[in-house]
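Input: a single structure, listed below in structure tokens.
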Amino acid sequence: MFFLGSLVRPLGGWIADRIGGTKTLSIMFAVVFCLMMLLGKGFIGIHQVIAVFVTAMLALGMGNGAVFQLVPQRFGREIGTITGIVGMAGGLGGFLLAAGLGYVKQVTDGYSGGFLCFVMLAMLAFLLLQGVRNRWREKWGLLGMAASNEI
């Protein structure tokens, strides 16, 4: 399933090139939020769980592509460092997803709590993105005006 998320990274980057990285990420976080909420409620059968989980992994993979569209725009001078941090976070996220769900299953005898934790993480990521988006717009608006004045 995680392999599918990697396959759609270019699609996420392509979408981000068309509509913007922050907009793409916002949509992907909202999709993940809704899908994980559905999984956390636990009212669906195994076939639906698989379909919803695969769809969530696809959304996360596309979000990863959007992140790599944003990195050179937002962090041009620190692109190597930021790319390393993004890769590290992706690796940790992939590990923690499986490990976290396994731990929650051991403790609670179910996965719902783990999925609800991911709901909270998706909401937190969405809110943090909205916070930095406004600062980025202000910064690039000023940079764009300065660049146009120099020409």
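Lettering and numbering for the structure tokens are positional, with chains as A, B, ... in the shown order, residues counted from 1 in each chain, and ligands counted from 1 in the shown order.
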
> Quick one: residues within 10 Å of A:Gly61, only C-alpha atoms counted, chain neighbours fewer than 3 positions away excluded, as a PyMOL selection string?
Replying inline: chain A and resi 2-13+28+55-58+64-67+90

What does the file look like for those residues with N, CA and C atoms, as a PDB file, in the first residue's frame?
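Final output, part_1.pdb:
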```pdb
ATOM      1  N   PHE A   2       1.956   1.227   0.756  1.00  0.00           N
ATOM      2  CA  PHE A   2       2.830   2.392   0.810  1.00  0.00           C
ATOM      3  C   PHE A   2       3.483   2.620  -0.551  1.00  0.00           C
ATOM      4  N   PHE A   3       3.678   1.529  -1.307  1.00  0.00           N
ATOM      5  CA  PHE A   3       4.241   1.615  -2.636  1.00  0.00           C
ATOM      6  C   PHE A   3       3.355   2.460  -3.542  1.00  0.00           C
ATOM      7  N   LEU A   4       2.043   2.309  -3.417  1.00  0.00           N
ATOM      8  CA  LEU A   4       1.116   3.094  -4.228  1.00  0.00           C
ATOM      9  C   LEU A   4       1.260   4.584  -3.940  1.00  0.00           C
ATOM     10  N   GLY A   5       1.457   4.928  -2.676  1.00  0.00           N
ATOM     11  CA  GLY A   5       1.660   6.329  -2.320  1.00  0.00           C
ATOM     12  C   GLY A   5       2.881   6.910  -3.005  1.00  0.00           C
ATOM     13  N   SER A   6       3.925   6.113  -3.134  1.00  0.00           N
ATOM     14  CA  SER A   6       5.133   6.579  -3.821  1.00  0.00           C
ATOM     15  C   SER A   6       4.893   6.761  -5.314  1.00  0.00           C
ATOM     16  N   LEU A   7       4.076   5.896  -5.893  1.00  0.00           N
ATOM     17  CA  LEU A   7       3.817   5.986  -7.332  1.00  0.00           C
ATOM     18  C   LEU A   7       3.064   7.256  -7.718  1.00  0.00           C
ATOM     19  N   VAL A   8       2.253   7.800  -6.826  1.00  0.00           N
ATOM     20  CA  VAL A   8       1.448   8.979  -7.178  1.00  0.00           C
ATOM     21  C   VAL A   8       2.103  10.297  -6.765  1.00  0.00           C
ATOM     22  N   ARG A   9       3.308  10.247  -6.225  1.00  0.00           N
ATOM     23  CA  ARG A   9       4.010  11.501  -5.895  1.00  0.00           C
ATOM     24  C   ARG A   9       4.114  12.425  -7.099  1.00  0.00           C
ATOM     25  N   PRO A  10       4.508  11.909  -8.278  1.00  0.00           N
ATOM     26  CA  PRO A  10       4.574  12.812  -9.436  1.00  0.00           C
ATOM     27  C   PRO A  10       3.215  13.443  -9.769  1.00  0.00           C
ATOM     28  N   LEU A  11       2.143  12.692  -9.586  1.00  0.00           N
ATOM     29  CA  LEU A  11       0.810  13.250  -9.830  1.00  0.00           C
ATOM     30  C   LEU A  11       0.527  14.401  -8.858  1.00  0.00           C
ATOM     31  N   GLY A  12       0.881  14.223  -7.605  1.00  0.00           N
ATOM     32  CA  GLY A  12       0.719  15.293  -6.631  1.00  0.00           C
ATOM     33  C   GLY A  12       1.541  16.513  -6.990  1.00  0.00           C
ATOM     34  N   GLY A  13       2.768  16.298  -7.461  1.00  0.00           N
ATOM     35  CA  GLY A  13       3.597  17.413  -7.905  1.00  0.00           C
ATOM     36  C   GLY A  13       3.011  18.104  -9.122  1.00  0.00           C
ATOM     37  N   MET A  28      -5.326  17.555   0.172  1.00  0.00           N
ATOM     38  CA  MET A  28      -4.896  16.210   0.576  1.00  0.00           C
ATOM     39  C   MET A  28      -5.066  16.001   2.079  1.00  0.00           C
ATOM     40  N   THR A  55      -6.908   4.611  -0.549  1.00  0.00           N
ATOM     41  CA  THR A  55      -7.187   5.976  -0.992  1.00  0.00           C
ATOM     42  C   THR A  55      -6.458   6.994  -0.113  1.00  0.00           C
ATOM     43  N   ALA A  56      -6.421   6.747   1.186  1.00  0.00           N
ATOM     44  CA  ALA A  56      -5.693   7.645   2.099  1.00  0.00           C
ATOM     45  C   ALA A  56      -4.204   7.634   1.781  1.00  0.00           C
ATOM     46  N   MET A  57      -3.650   6.465   1.493  1.00  0.00           N
ATOM     47  CA  MET A  57      -2.227   6.384   1.148  1.00  0.00           C
ATOM     48  C   MET A  57      -1.952   7.117  -0.167  1.00  0.00           C
ATOM     49  N   LEU A  58      -2.872   7.028  -1.110  1.00  0.00           N
ATOM     50  CA  LEU A  58      -2.716   7.760  -2.368  1.00  0.00           C
ATOM     51  C   LEU A  58      -2.726   9.269  -2.115  1.00  0.00           C
ATOM     52  N   ASN A  64       2.839  14.366  -0.681  1.00  0.00           N
ATOM     53  CA  ASN A  64       4.298  14.363  -0.682  1.00  0.00           C
ATOM     54  C   ASN A  64       4.827  15.016  -1.949  1.00  0.00           C
ATOM     55  N   GLY A  65       4.203  14.726  -3.081  1.00  0.00           N
ATOM     56  CA  GLY A  65       4.599  15.379  -4.328  1.00  0.00           C
ATOM     57  C   GLY A  65       4.410  16.882  -4.259  1.00  0.00           C
ATOM     58  N   ALA A  66       3.350  17.322  -3.600  1.00  0.00           N
ATOM     59  CA  ALA A  66       3.102  18.754  -3.441  1.00  0.00           C
ATOM     60  C   ALA A  66       4.161  19.394  -2.550  1.00  0.00           C
ATOM     61  N   VAL A  67       4.607  18.676  -1.539  1.00  0.00           N
ATOM     62  CA  VAL A  67       5.658  19.205  -0.663  1.00  0.00           C
ATOM     63  C   VAL A  67       6.924  19.467  -1.477  1.00  0.00           C
ATOM     64  N   GLY A  90       9.204  11.739   5.944  1.00  0.00           N
ATOM     65  CA  GLY A  90       8.459  10.717   5.208  1.00  0.00           C
ATOM     66  C   GLY A  90       8.803   9.312   5.681  1.00  0.00           C
TER      67      GLY A  90
END
```

>> When you look at A:Leu25 with a cut-off of 12 Å (counting only C-alpha atoms), what residues show up, excluding the ones that are within fewer than 2 positions of it in the same chain? I need them as a VMD selection string.
In response: chain A and resid 9 12 to 13 15 to 17 19 to 23 27 to 33 59 to 70 122 to 123 125 to 130 133

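Neighbours of A:Val49 closer than or equal to 10 Å, with only C-alpha atoms counted and sequence neighbours fewer than 4 positions away skipped, come out as Leu35, Met36, Leu38, Leu39, Gly42, Phe43, Ile44, Gly45, Phe53, Val54 and Thr55 of chain A.
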
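Taking atom CA of A:Gly87 and atom CA of A:Ile50 as endpoints, the distance between them is 25.9 Å.
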
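For the pair atom CA of A:Cys117 and atom CA of A:Gly40, the interatomic distance is 8.8 Å.
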
> What is the distance, in Å and to one decimal place, between atom CA of A:Ala99 and atom CA of A:Tyr111?
Replying inline: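 Rounded to one decimal, the two atoms are 11.5 Å apart.
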